[in-house]
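> Supplied structure: my_file-v2.pdb, PDB, C-alpha atoms and all ligand atoms.
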ATOM      1  CA  MET A  26     107.750 127.005  91.228  1.00  0.00           C
ATOM      2  CA  PHE A  27     109.877 128.755  93.852  1.00  0.00           C
ATOM      3  CA  TYR A  28     110.892 131.448  91.336  1.00  0.00           C
ATOM      4  CA  LEU A  29     107.283 131.895  90.249  1.00  0.00           C
ATOM      5  CA  ILE A  30     106.167 132.549  93.872  1.00  0.00           C
ATOM      6  CA  LEU A  31     109.122 134.887  94.388  1.00  0.00           C
ATOM      7  CA  SER A  32     108.214 136.829  91.228  1.00  0.00           C
ATOM      8  CA  VAL A  33     104.577 137.158  92.337  1.00  0.00           C
ATOM      9  CA  ILE A  34     105.684 138.438  95.770  1.00  0.00           C
ATOM     10  CA  PHE A  35     107.993 141.018  94.140  1.00  0.00           C
ATOM     11  CA  LEU A  36     105.236 142.030  91.753  1.00  0.00           C
ATOM     12  CA  VAL A  37     102.702 142.538  94.565  1.00  0.00           C
ATOM     13  CA  PHE A  38     105.148 144.573  96.682  1.00  0.00           C
ATOM     14  CA  GLY A  39     106.187 146.552  93.594  1.00  0.00           C
ATOM     15  CA  VAL A  40     102.573 147.464  92.795  1.00  0.00           C
ATOM     16  CA  ILE A  41     101.928 148.472  96.446  1.00  0.00           C
ATOM     17  CA  ALA A  42     105.075 150.629  96.505  1.00  0.00           C
ATOM     18  CA  VAL A  43     104.207 152.353  93.223  1.00  0.00           C
ATOM     19  CA  ALA A  44     100.597 152.938  94.356  1.00  0.00           C
ATOM     20  CA  ALA A  45     101.745 154.408  97.706  1.00  0.00           C
ATOM     21  CA  PHE A  46     104.191 156.680  95.925  1.00  0.00           C
ATOM     22  CA  ALA A  47     101.492 157.814  93.477  1.00  0.00           C
ATOM     23  CA  VAL A  48      99.101 158.638  96.358  1.00  0.00           C
ATOM     24  CA  LEU A  49     101.861 160.605  98.101  1.00  0.00           C
ATOM     25  CA  ILE A  50     102.672 162.638  94.977  1.00  0.00           C
ATOM     26  CA  PHE A  51      98.987 163.192  94.215  1.00  0.00           C
ATOM     27  CA  SER A  52      98.434 164.328  97.818  1.00  0.00           C
ATOM     28  CA  LEU A  53     101.248 166.850  97.619  1.00  0.00           C
ATOM     29  CA  PHE A  54      99.788 168.332  94.437  1.00  0.00           C
ATOM     30  CA  ALA A  55      96.271 168.300  95.914  1.00  0.00           C
ATOM     31  CA  SER A  56      97.435 170.164  99.062  1.00  0.00           C
ATOM     32  CA  ASN A  57      99.053 172.793  96.873  1.00  0.00           C
ATOM     33  CA  ALA A  58      95.929 173.144  94.776  1.00  0.00           C
ATOM     34  CA  TYR A  59      93.891 173.858  97.930  1.00  0.00           C
ATOM     35  CA  GLY A  60      96.203 176.702  98.809  1.00  0.00           C
ATOM     36  CA  ALA A  61      98.680 175.309 101.307  1.00  0.00           C
ATOM     37  CA  PRO A  62     101.147 172.464 100.815  1.00  0.00           C
ATOM     38  CA  TYR A  63     101.347 169.716 103.395  1.00  0.00           C
ATOM     39  CA  VAL A  64     104.138 170.965 105.634  1.00  0.00           C
ATOM     40  CA  PRO A  65     103.430 169.793 109.173  1.00  0.00           C
ATOM     41  CA  VAL A  66     104.518 171.965 112.053  1.00  0.00           C
ATOM     42  CA  GLU A  67     107.649 170.522 113.667  1.00  0.00           C
ATOM     43  CA  ARG A  68     106.909 168.267 116.666  1.00  0.00           C
ATOM     44  CA  LYS A  69     109.658 169.953 118.720  1.00  0.00           C
ATOM     45  CA  ASN A  70     107.852 173.312 118.349  1.00  0.00           C
ATOM     46  CA  LEU A  71     104.276 172.112 118.699  1.00  0.00           C
ATOM     47  CA  ARG A  72     103.912 172.292 122.483  1.00  0.00           C
ATOM     48  CA  LYS A  73     105.526 175.735 122.658  1.00  0.00           C
ATOM     49  CA  ILE A  74     103.210 177.032 119.928  1.00  0.00           C
ATOM     50  CA  LEU A  75     100.038 175.772 121.589  1.00  0.00           C
ATOM     51  CA  ASP A  76     101.285 176.944 124.975  1.00  0.00           C
ATOM     52  CA  LEU A  77     101.016 180.514 123.684  1.00  0.00           C
ATOM     53  CA  GLY A  78      97.316 179.961 122.929  1.00  0.00           C
ATOM     54  CA  ASN A  79      96.246 179.377 126.529  1.00  0.00           C
ATOM     55  CA  ILE A  80      93.882 176.536 125.547  1.00  0.00           C
ATOM     56  CA  LYS A  81      91.166 175.880 128.125  1.00  0.00           C
ATOM     57  CA  GLU A  82      89.449 172.659 129.202  1.00  0.00           C
ATOM     58  CA  ASP A  83      86.110 173.717 127.723  1.00  0.00           C
ATOM     59  CA  ASP A  84      87.596 174.643 124.338  1.00  0.00           C
ATOM     60  CA  VAL A  85      86.342 173.090 121.125  1.00  0.00           C
ATOM     61  CA  PHE A  86      89.545 173.138 119.121  1.00  0.00           C
ATOM     62  CA  CYS A  87      89.561 173.147 115.323  1.00  0.00           C
ATOM     63  CA  ASP A  88      92.549 172.795 112.974  1.00  0.00           C
ATOM     64  CA  LEU A  89      91.782 174.123 109.478  1.00  0.00           C
ATOM     65  CA  GLY A  90      93.999 171.947 107.285  1.00  0.00           C
ATOM     66  CA  SER A  91      94.757 169.391 109.974  1.00  0.00           C
ATOM     67  CA  GLY A  92      97.501 167.411 108.203  1.00  0.00           C
ATOM     68  CA  ASP A  93      98.368 164.225 110.107  1.00  0.00           C
ATOM     69  CA  GLY A  94      96.334 165.375 113.121  1.00  0.00           C
ATOM     70  CA  ARG A  95      99.307 166.028 115.393  1.00  0.00           C
ATOM     71  CA  VAL A  96      98.083 169.478 116.443  1.00  0.00           C
ATOM     72  CA  ILE A  97      94.601 168.278 117.405  1.00  0.00           C
ATOM     73  CA  PHE A  98      96.003 165.305 119.322  1.00  0.00           C
ATOM     74  CA  GLU A  99      98.348 167.617 121.252  1.00  0.00           C
ATOM     75  CA  ALA A 100      95.479 170.012 122.050  1.00  0.00           C
ATOM     76  CA  ILE A 101      93.417 167.126 123.430  1.00  0.00           C
ATOM     77  CA  GLN A 102      96.061 164.974 125.106  1.00  0.00           C
ATOM     78  CA  VAL A 103      98.413 167.624 126.490  1.00  0.00           C
ATOM     79  CA  PHE A 104      96.255 170.759 126.797  1.00  0.00           C
ATOM     80  CA  ASN A 105      93.017 168.924 127.721  1.00  0.00           C
ATOM     81  CA  ALA A 106      90.756 170.701 125.219  1.00  0.00           C
ATOM     82  CA  LYS A 107      87.203 169.327 125.424  1.00  0.00           C
ATOM     83  CA  TYR A 108      86.832 168.321 121.767  1.00  0.00           C
ATOM     84  CA  GLY A 109      88.925 168.427 118.596  1.00  0.00           C
ATOM     85  CA  ILE A 110      87.807 168.901 114.996  1.00  0.00           C
ATOM     86  CA  GLY A 111      89.988 168.699 111.909  1.00  0.00           C
ATOM     87  CA  TYR A 112      89.489 169.344 108.213  1.00  0.00           C
ATOM     88  CA  GLU A 113      91.981 167.879 105.775  1.00  0.00           C
ATOM     89  CA  ALA A 114      91.475 167.850 102.017  1.00  0.00           C
ATOM     90  CA  SER A 115      94.489 165.816 101.015  1.00  0.00           C
ATOM     91  CA  ILE A 116      94.361 161.999 101.033  1.00  0.00           C
ATOM     92  CA  TRP A 117      97.766 161.102 102.466  1.00  0.00           C
ATOM     93  CA  PRO A 118      97.781 163.245 105.621  1.00  0.00           C
ATOM     94  CA  TYR A 119      94.055 162.600 106.133  1.00  0.00           C
ATOM     95  CA  TYR A 120      94.465 158.811 106.296  1.00  0.00           C
ATOM     96  CA  ALA A 121      97.605 159.193 108.418  1.00  0.00           C
ATOM     97  CA  SER A 122      95.487 161.209 110.881  1.00  0.00           C
ATOM     98  CA  VAL A 123      92.689 158.638 110.882  1.00  0.00           C
ATOM     99  CA  ILE A 124      95.143 155.816 111.660  1.00  0.00           C
ATOM    100  CA  SER A 125      96.691 157.851 114.515  1.00  0.00           C
ATOM    101  CA  LEU A 126      93.227 158.703 115.812  1.00  0.00           C
ATOM    102  CA  LYS A 127      92.342 154.995 116.002  1.00  0.00           C
ATOM    103  CA  LEU A 128      95.692 154.016 117.555  1.00  0.00           C
ATOM    104  CA  LYS A 129      95.348 156.728 120.201  1.00  0.00           C
ATOM    105  CA  GLY A 130      91.753 155.703 120.964  1.00  0.00           C
ATOM    106  CA  LEU A 131      90.539 159.302 120.748  1.00  0.00           C
ATOM    107  CA  GLY A 132      87.458 158.598 118.633  1.00  0.00           C
ATOM    108  CA  GLY A 133      85.118 160.004 121.300  1.00  0.00           C
ATOM    109  CA  LYS A 134      86.976 163.310 121.535  1.00  0.00           C
ATOM    110  CA  VAL A 135      88.183 164.007 117.994  1.00  0.00           C
ATOM    111  CA  ARG A 136      86.490 164.091 114.594  1.00  0.00           C
ATOM    112  CA  ILE A 137      88.496 164.599 111.411  1.00  0.00           C
ATOM    113  CA  PHE A 138      86.761 165.298 108.117  1.00  0.00           C
ATOM    114  CA  LYS A 139      88.184 164.600 104.665  1.00  0.00           C
ATOM    115  CA  LYS A 140      86.794 167.849 103.393  1.00  0.00           C
ATOM    116  CA  ASP A 141      87.588 171.311 102.051  1.00  0.00           C
ATOM    117  CA  PHE A 142      86.727 173.485 105.047  1.00  0.00           C
ATOM    118  CA  LEU A 143      85.692 176.299 102.686  1.00  0.00           C
ATOM    119  CA  ARG A 144      82.799 174.072 101.608  1.00  0.00           C
ATOM    120  CA  GLU A 145      81.664 173.356 105.150  1.00  0.00           C
ATOM    121  CA  SER A 146      78.402 174.871 106.334  1.00  0.00           C
ATOM    122  CA  GLY A 147      79.092 177.940 108.452  1.00  0.00           C
ATOM    123  CA  LYS A 148      76.898 176.509 111.235  1.00  0.00           C
ATOM    124  CA  GLU A 149      79.496 173.815 111.921  1.00  0.00           C
ATOM    125  CA  PHE A 150      81.956 176.457 113.103  1.00  0.00           C
ATOM    126  CA  GLU A 151      79.590 178.099 115.577  1.00  0.00           C
ATOM    127  CA  ARG A 152      80.596 175.767 118.408  1.00  0.00           C
ATOM    128  CA  VAL A 153      84.320 176.129 117.745  1.00  0.00           C
ATOM    129  CA  SER A 154      85.979 178.257 120.422  1.00  0.00           C
ATOM    130  CA  PHE A 155      89.607 177.895 119.307  1.00  0.00           C
ATOM    131  CA  VAL A 156      90.815 177.858 115.702  1.00  0.00           C
ATOM    132  CA  TYR A 157      94.363 176.876 114.772  1.00  0.00           C
ATOM    133  CA  THR A 158      95.665 177.273 111.255  1.00  0.00           C
ATOM    134  CA  TYR A 159      98.985 177.023 109.479  1.00  0.00           C
ATOM    135  CA  THR A 160      98.375 178.078 105.892  1.00  0.00           C
ATOM    136  CA  TYR A 161      99.480 180.607 103.300  1.00  0.00           C
ATOM    137  CA  PRO A 162      98.195 184.217 103.035  1.00  0.00           C
ATOM    138  CA  PRO A 163      95.816 183.708 100.061  1.00  0.00           C
ATOM    139  CA  LEU A 164      94.071 180.878 101.920  1.00  0.00           C
ATOM    140  CA  MET A 165      94.128 182.920 105.118  1.00  0.00           C
ATOM    141  CA  LYS A 166      92.121 185.586 103.300  1.00  0.00           C
ATOM    142  CA  LYS A 167      89.453 183.013 102.429  1.00  0.00           C
ATOM    143  CA  ILE A 168      89.418 181.653 105.997  1.00  0.00           C
ATOM    144  CA  SER A 169      88.976 185.203 107.213  1.00  0.00           C
ATOM    145  CA  ALA A 170      86.067 185.815 104.834  1.00  0.00           C
ATOM    146  CA  TYR A 171      84.201 182.473 105.006  1.00  0.00           C
ATOM    147  CA  VAL A 172      85.037 180.663 108.241  1.00  0.00           C
ATOM    148  CA  LEU A 173      85.811 183.232 110.926  1.00  0.00           C
ATOM    149  CA  PRO A 174      82.544 185.220 110.684  1.00  0.00           C
ATOM    150  CA  ASN A 175      80.754 182.109 112.028  1.00  0.00           C
ATOM    151  CA  LEU A 176      82.711 182.053 115.283  1.00  0.00           C
ATOM    152  CA  LYS A 177      81.145 183.417 118.439  1.00  0.00           C
ATOM    153  CA  LYS A 178      82.397 186.471 120.306  1.00  0.00           C
ATOM    154  CA  GLY A 179      85.328 185.467 122.537  1.00  0.00           C
ATOM    155  CA  ALA A 180      86.584 182.722 120.219  1.00  0.00           C
ATOM    156  CA  ARG A 181      90.337 182.672 119.697  1.00  0.00           C
ATOM    157  CA  ILE A 182      92.401 182.014 116.624  1.00  0.00           C
ATOM    158  CA  LEU A 183      96.047 181.036 116.503  1.00  0.00           C
ATOM    159  CA  THR A 184      97.860 181.447 113.186  1.00  0.00           C
ATOM    160  CA  VAL A 185     101.326 180.105 112.472  1.00  0.00           C
ATOM    161  CA  SER A 186     103.821 182.111 110.425  1.00  0.00           C
ATOM    162  CA  PHE A 187     101.222 184.350 108.751  1.00  0.00           C
ATOM    163  CA  SER A 188      98.860 186.862 110.324  1.00  0.00           C
ATOM    164  CA  LEU A 189      95.181 187.418 109.541  1.00  0.00           C
ATOM    165  CA  PRO A 190      94.533 189.935 106.760  1.00  0.00           C
ATOM    166  CA  GLU A 191      94.689 193.502 108.066  1.00  0.00           C
ATOM    167  CA  GLU A 192      91.101 194.251 107.088  1.00  0.00           C
ATOM    168  CA  ASN A 193      89.556 191.783 109.551  1.00  0.00           C
ATOM    169  CA  GLY A 194      88.435 194.160 112.266  1.00  0.00           C
ATOM    170  CA  ASP A 195      86.324 191.486 113.997  1.00  0.00           C
ATOM    171  CA  PHE A 196      89.418 190.313 115.852  1.00  0.00           C
ATOM    172  CA  LYS A 197      91.857 191.985 118.163  1.00  0.00           C
ATOM    173  CA  ILE A 198      95.385 190.684 118.484  1.00  0.00           C
ATOM    174  CA  VAL A 199      96.091 189.458 122.002  1.00  0.00           C
ATOM    175  CA  LYS A 200      99.591 188.040 121.641  1.00  0.00           C
ATOM    176  CA  ILE A 201     102.439 187.746 119.182  1.00  0.00           C
ATOM    177  CA  GLY A 202     105.139 185.187 119.875  1.00  0.00           C
ATOM    178  CA  GLN A 203     108.088 183.504 118.234  1.00  0.00           C
ATOM    179  CA  VAL A 204     108.695 179.744 118.275  1.00  0.00           C
ATOM    180  CA  GLY A 205     111.670 178.526 116.252  1.00  0.00           C
ATOM    181  CA  TRP A 206     111.388 180.275 112.913  1.00  0.00           C
ATOM    182  CA  HIS A 207     107.597 180.733 113.225  1.00  0.00           C
ATOM    183  CA  LYS A 208     105.909 183.933 114.222  1.00  0.00           C
ATOM    184  CA  ILE A 209     102.734 183.068 116.155  1.00  0.00           C
ATOM    185  CA  PHE A 210      99.676 185.343 116.180  1.00  0.00           C
ATOM    186  CA  ILE A 211      96.810 184.977 118.646  1.00  0.00           C
ATOM    187  CA  TYR A 212      93.548 186.838 118.164  1.00  0.00           C
ATOM    188  CA  GLU A 213      90.247 187.100 120.002  1.00  0.00           C
ATOM    189  CA  LYS A 214      86.919 187.712 118.322  1.00  0.00           C
ATOM    190  CA  ILE A 215      85.460 190.953 119.654  1.00  0.00           C
ATOM    191  CA  VAL A 216      82.092 191.182 117.860  1.00  0.00           C
TER     192      VAL A 216
HETATM  193  C1  LIG B 301     100.952 173.636 106.219  1.00  0.00           C
HETATM  194  S1  LIG B 301      99.954 172.171 106.382  1.00  0.00           S
HETATM  195  C2  LIG B 301      99.601 172.229 108.127  1.00  0.00           C
HETATM  196  C3  LIG B 301      99.229 170.889 108.702  1.00  0.00           C
HETATM  197  C4  LIG B 301      98.893 170.922 110.203  1.00  0.00           C
HETATM  198  N1  LIG B 301      97.821 171.833 110.491  1.00  0.00           N
HETATM  199  C5  LIG B 301     100.103 171.298 111.011  1.00  0.00           C
HETATM  200  O1  LIG B 301     100.190 172.448 111.509  1.00  0.00           O
HETATM  201  O2  LIG B 301     100.984 170.443 111.169  1.00  0.00           O
HETATM  202  C6  LIG B 301      98.414 172.747 105.627  1.00  0.00           C
HETATM  203  C7  LIG B 301      97.412 171.633 105.387  1.00  0.00           C
HETATM  204  O3  LIG B 301      96.176 172.227 105.010  1.00  0.00           O
HETATM  205  C8  LIG B 301      95.535 171.384 104.062  1.00  0.00           C
HETATM  206  N2  LIG B 301      94.558 172.228 103.361  1.00  0.00           N
HETATM  207  C9  LIG B 301      94.819 173.327 102.593  1.00  0.00           C
HETATM  208  N3  LIG B 301      93.676 173.875 102.165  1.00  0.00           N
HETATM  209  C10 LIG B 301      92.655 173.121 102.668  1.00  0.00           C
HETATM  210  C11 LIG B 301      91.235 173.213 102.567  1.00  0.00           C
HETATM  211  N4  LIG B 301      90.642 174.198 101.894  1.00  0.00           N
HETATM  212  N5  LIG B 301      90.488 172.292 103.223  1.00  0.00           N
HETATM  213  C12 LIG B 301      91.096 171.290 103.942  1.00  0.00           C
HETATM  214  N6  LIG B 301      92.441 171.157 104.052  1.00  0.00           N
HETATM  215  C13 LIG B 301      93.211 172.073 103.430  1.00  0.00           C
HETATM  216  C14 LIG B 301      96.688 170.875 103.196  1.00  0.00           C
HETATM  217  O4  LIG B 301      96.339 169.689 102.518  1.00  0.00           O
HETATM  218  C15 LIG B 301      97.782 170.672 104.251  1.00  0.00           C
HETATM  219  O5  LIG B 301      97.773 169.357 104.745  1.00  0.00           O
END
Would you kindly transcribe this structure into structure tokens?


Amino acid sequence: MFYLILSVIFLVFGVIAVAAFAVLIFSLFASNAYGAPYVPVERKNLRKILDLGNIKEDDVFCDLGSGDGRVIFEAIQVFNAKYGIGYEASIWPYYASVISLKLKGLGGKVRIFKKDFLRESGKEFERVSFVYTYTYPPLMKKISAYVLPNLKKGARILTVSFSLPEENGDFKIVKIGQVGWHKIFIYEKIV
């Protein structure tokens, strides 16, 4: 009997471990398919990166491809942004962000969607005053074409490692910085 119970326990834990591993692998492939793998920005660099953005207390902050939510939480908890919005298409980082959101008790100030932000209605971005994104150039081109035109004049965008495509004349660059190995670009919408 003892060995039977032990076997069942091992079986259950084995199935859970295999399922978790499968979700992780699937998530990594899914992130890649959307155009940017899940590579979170390093925690040691996060504050310095956001510091360059001059986030204000009335900012509605949005992370396009929000990963485990760390950037939004920092914007709210450390930089006092008014509200945080995240879009994350991949299962693993999305659920990690939802668990952190609950543990931090930030439900009233942060909303994270399990959604491809390129499929979001443009209207949803109209209230966003600060966009953060850490993605690859091909996805940046799509963000530039589909998401950014919905922002209001004066909105800012902070990009990590890669700049906006040259042809986006709706934005002027206001700052370029370096944090660790990341180049940081900050733009302001001028039309
Ligand atoms: C490089 S990671 C950055 C994560 C987080 N923003 C950070 O700086 O730590 C890019 C994230 O964007 C997500 N992503 C890529 N394309 C997306 C899309 N179209 N809609 C929603 N999420 C997307 C990926 O799943 C991945 O988690």

> Work out how far atom CA of Ile80 of chain A is from atom CA of Asn105 of chain A, in Å to one decimal.

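Taking atom CA of Asn105 of chain A and atom CA of Ile80 of chain A, their separation equals 8.0 Å.
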
> Atom CA of Tyr63 of chain A and atom CA of Val172 of chain A are how many Å apart?

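Atom-to-atom, atom CA of Tyr63 of chain A to atom CA of Val172 of chain A, that is 20.2 Å.
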
> With only C-alpha atoms as the basis for distance, which of A:Leu77, A:Ile34, A:Ala121, A:Ile97 is at the shortest distance from Thr184 of chain A?

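Among A:Leu77, A:Ile34, A:Ala121, A:Ile97, it is A:Leu77 that comes nearest to Thr184 of chain A.
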
> Near Tyr119 of chain A, counting only C-alpha atoms, which residues have an atom at most 7 Å away, once you skip same-chain residues fewer than 4 positions from it, shown as a PyMOL selection string?

chain A and resi 92-93+113+115+123+139

> Around ligand LIG 301 (chain B), at most 10 Å away and counting all atoms listed in the file, which residues are there? Put them as a ChimeraX atom specification, please.

/A:52-68,71,87-97,111-119,138-145,157-161,164-165,167-168,184-186

> Take the residues from that selection and put them in a file with C-alpha atoms, as a PDB file, keeping the file's coordinate frame.


ATOM      1  CA  SER A  52      98.434 164.328  97.818  1.00  0.00           C
ATOM      2  CA  LEU A  53     101.248 166.850  97.619  1.00  0.00           C
ATOM      3  CA  PHE A  54      99.788 168.332  94.437  1.00  0.00           C
ATOM      4  CA  ALA A  55      96.271 168.300  95.914  1.00  0.00           C
ATOM      5  CA  SER A  56      97.435 170.164  99.062  1.00  0.00           C
ATOM      6  CA  ASN A  57      99.053 172.793  96.873  1.00  0.00           C
ATOM      7  CA  ALA A  58      95.929 173.144  94.776  1.00  0.00           C
ATOM      8  CA  TYR A  59      93.891 173.858  97.930  1.00  0.00           C
ATOM      9  CA  GLY A  60      96.203 176.702  98.809  1.00  0.00           C
ATOM     10  CA  ALA A  61      98.680 175.309 101.307  1.00  0.00           C
ATOM     11  CA  PRO A  62     101.147 172.464 100.815  1.00  0.00           C
ATOM     12  CA  TYR A  63     101.347 169.716 103.395  1.00  0.00           C
ATOM     13  CA  VAL A  64     104.138 170.965 105.634  1.00  0.00           C
ATOM     14  CA  PRO A  65     103.430 169.793 109.173  1.00  0.00           C
ATOM     15  CA  VAL A  66     104.518 171.965 112.053  1.00  0.00           C
ATOM     16  CA  GLU A  67     107.649 170.522 113.667  1.00  0.00           C
ATOM     17  CA  ARG A  68     106.909 168.267 116.666  1.00  0.00           C
ATOM     18  CA  LEU A  71     104.276 172.112 118.699  1.00  0.00           C
ATOM     19  CA  CYS A  87      89.561 173.147 115.323  1.00  0.00           C
ATOM     20  CA  ASP A  88      92.549 172.795 112.974  1.00  0.00           C
ATOM     21  CA  LEU A  89      91.782 174.123 109.478  1.00  0.00           C
ATOM     22  CA  GLY A  90      93.999 171.947 107.285  1.00  0.00           C
ATOM     23  CA  SER A  91      94.757 169.391 109.974  1.00  0.00           C
ATOM     24  CA  GLY A  92      97.501 167.411 108.203  1.00  0.00           C
ATOM     25  CA  ASP A  93      98.368 164.225 110.107  1.00  0.00           C
ATOM     26  CA  GLY A  94      96.334 165.375 113.121  1.00  0.00           C
ATOM     27  CA  ARG A  95      99.307 166.028 115.393  1.00  0.00           C
ATOM     28  CA  VAL A  96      98.083 169.478 116.443  1.00  0.00           C
ATOM     29  CA  ILE A  97      94.601 168.278 117.405  1.00  0.00           C
ATOM     30  CA  GLY A 111      89.988 168.699 111.909  1.00  0.00           C
ATOM     31  CA  TYR A 112      89.489 169.344 108.213  1.00  0.00           C
ATOM     32  CA  GLU A 113      91.981 167.879 105.775  1.00  0.00           C
ATOM     33  CA  ALA A 114      91.475 167.850 102.017  1.00  0.00           C
ATOM     34  CA  SER A 115      94.489 165.816 101.015  1.00  0.00           C
ATOM     35  CA  ILE A 116      94.361 161.999 101.033  1.00  0.00           C
ATOM     36  CA  TRP A 117      97.766 161.102 102.466  1.00  0.00           C
ATOM     37  CA  PRO A 118      97.781 163.245 105.621  1.00  0.00           C
ATOM     38  CA  TYR A 119      94.055 162.600 106.133  1.00  0.00           C
ATOM     39  CA  PHE A 138      86.761 165.298 108.117  1.00  0.00           C
ATOM     40  CA  LYS A 139      88.184 164.600 104.665  1.00  0.00           C
ATOM     41  CA  LYS A 140      86.794 167.849 103.393  1.00  0.00           C
ATOM     42  CA  ASP A 141      87.588 171.311 102.051  1.00  0.00           C
ATOM     43  CA  PHE A 142      86.727 173.485 105.047  1.00  0.00           C
ATOM     44  CA  LEU A 143      85.692 176.299 102.686  1.00  0.00           C
ATOM     45  CA  ARG A 144      82.799 174.072 101.608  1.00  0.00           C
ATOM     46  CA  GLU A 145      81.664 173.356 105.150  1.00  0.00           C
ATOM     47  CA  TYR A 157      94.363 176.876 114.772  1.00  0.00           C
ATOM     48  CA  THR A 158      95.665 177.273 111.255  1.00  0.00           C
ATOM     49  CA  TYR A 159      98.985 177.023 109.479  1.00  0.00           C
ATOM     50  CA  THR A 160      98.375 178.078 105.892  1.00  0.00           C
ATOM     51  CA  TYR A 161      99.480 180.607 103.300  1.00  0.00           C
ATOM     52  CA  LEU A 164      94.071 180.878 101.920  1.00  0.00           C
ATOM     53  CA  MET A 165      94.128 182.920 105.118  1.00  0.00           C
ATOM     54  CA  LYS A 167      89.453 183.013 102.429  1.00  0.00           C
ATOM     55  CA  ILE A 168      89.418 181.653 105.997  1.00  0.00           C
ATOM     56  CA  THR A 184      97.860 181.447 113.186  1.00  0.00           C
ATOM     57  CA  VAL A 185     101.326 180.105 112.472  1.00  0.00           C
ATOM     58  CA  SER A 186     103.821 182.111 110.425  1.00  0.00           C
TER      59      SER A 186
END

> Using all atoms listed in the file, which of the listed residues (A:Leu189, A:Ala170, A:Val85, A:Ile215) sits closest to Glu149 of chain A?

A:Val85

> Name the closest residue to Phe187 of chain A among the candidates A:Gly39, A:Gly132, A:Pro163, A:Gly109; distances are taken between atoms, counting only C-alpha atoms.

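Residue with the minimum atom-to-atom distance to Phe187 of chain A: A:Pro163.
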
> For the atom pair atom CA of Lys178 of chain A and atom CA of Gln102 of chain A, what is the interatomic distance in Å to one decimal place?

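Pair atom CA of Lys178 of chain A / atom CA of Gln102 of chain A returns 25.9 Å.
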
> Using only C-alpha atoms, what residues lie at most 7 Å away from (92.2, 180.4, 119.0) (file coordinates), given as a list in words?

Gly78, Ser154, Phe155, Val156, Tyr157, Ala180, Arg181, Ile182, Leu183, Ile211 and Tyr212 of chain A

> Using all atoms listed in the file, can you tell me which of A:Ser188, A:Ser146, A:Lys214, A:Lys197 comes closest to Tyr171 of chain A?

A:Ser146

> Go through A:Trp206, A:Tyr108, A:Phe27, A:Phe86 one by one, measure the shortest atom-to-atom distance of each to Leu176 of chain A using all atoms listed in the file, and give the residue with the smallest value.

A:Phe86

> I need the residue nearest Lys208 of chain A from this list: A:Lys107, A:Lys134, A:Lys177, A:Lys73. Use all atoms listed in the file for the distance.

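Checking each of A:Lys107, A:Lys134, A:Lys177, A:Lys73 against Lys208 of chain A, counting all atoms listed in the file, the winner is A:Lys73.
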
> If you count all atoms listed in the file, which residues fall within 6 Å of Ala106 of chain A, apart from same-chain ones fewer than 3 positions away, as a list in words?

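My list of contacting residues is Lys81, Glu82, Asp84, Ala100 and Ile101 of chain A.
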
> Would you mind completing segment 98-109 of chain A to N, CA and C atoms and writing the output as an mmCIF file, in the coordinates of the input?


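Contents of selection12.cif, as written:
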data_model
loop_
_atom_site.group_PDB
_atom_site.id
_atom_site.type_symbol
_atom_site.label_atom_id
_atom_site.label_comp_id
_atom_site.auth_asym_id
_atom_site.auth_seq_id
_atom_site.Cartn_x
_atom_site.Cartn_y
_atom_site.Cartn_z
ATOM 1 N N PHE A 98 95.705 166.292 118.274
ATOM 2 C CA PHE A 98 96.003 165.305 119.322
ATOM 3 C C PHE A 98 96.722 165.981 120.501
ATOM 4 N N GLU A 99 97.618 166.899 120.189
ATOM 5 C CA GLU A 99 98.348 167.617 121.252
ATOM 6 C C GLU A 99 97.360 168.478 122.068
ATOM 7 N N ALA A 100 96.448 169.146 121.353
ATOM 8 C CA ALA A 100 95.479 170.012 122.050
ATOM 9 C C ALA A 100 94.615 169.195 123.011
ATOM 10 N N ILE A 101 94.276 167.974 122.596
ATOM 11 C CA ILE A 101 93.417 167.126 123.430
ATOM 12 C C ILE A 101 94.224 166.444 124.539
ATOM 13 N N GLN A 102 95.335 165.830 124.155
ATOM 14 C CA GLN A 102 96.061 164.974 125.106
ATOM 15 C C GLN A 102 96.938 165.754 126.078
ATOM 16 N N VAL A 103 97.492 166.866 125.614
ATOM 17 C CA VAL A 103 98.413 167.624 126.490
ATOM 18 C C VAL A 103 97.720 168.837 127.106
ATOM 19 N N PHE A 104 96.866 169.521 126.302
ATOM 20 C CA PHE A 104 96.255 170.759 126.797
ATOM 21 C C PHE A 104 94.808 170.546 127.260
ATOM 22 N N ASN A 105 94.335 169.297 127.176
ATOM 23 C CA ASN A 105 93.017 168.924 127.721
ATOM 24 C C ASN A 105 91.829 169.663 127.124
ATOM 25 N N ALA A 106 91.927 170.079 125.863
ATOM 26 C CA ALA A 106 90.756 170.701 125.219
ATOM 27 C C ALA A 106 89.605 169.689 125.246
ATOM 28 N N LYS A 107 88.379 170.205 125.260
ATOM 29 C CA LYS A 107 87.203 169.327 125.424
ATOM 30 C C LYS A 107 86.982 168.452 124.189
ATOM 31 N N TYR A 108 87.141 169.052 122.997
ATOM 32 C CA TYR A 108 86.832 168.321 121.767
ATOM 33 C C TYR A 108 87.708 168.864 120.636
ATOM 34 N N GLY A 109 88.076 167.997 119.709
ATOM 35 C CA GLY A 109 88.925 168.427 118.596
ATOM 36 C C GLY A 109 88.283 168.114 117.254
#
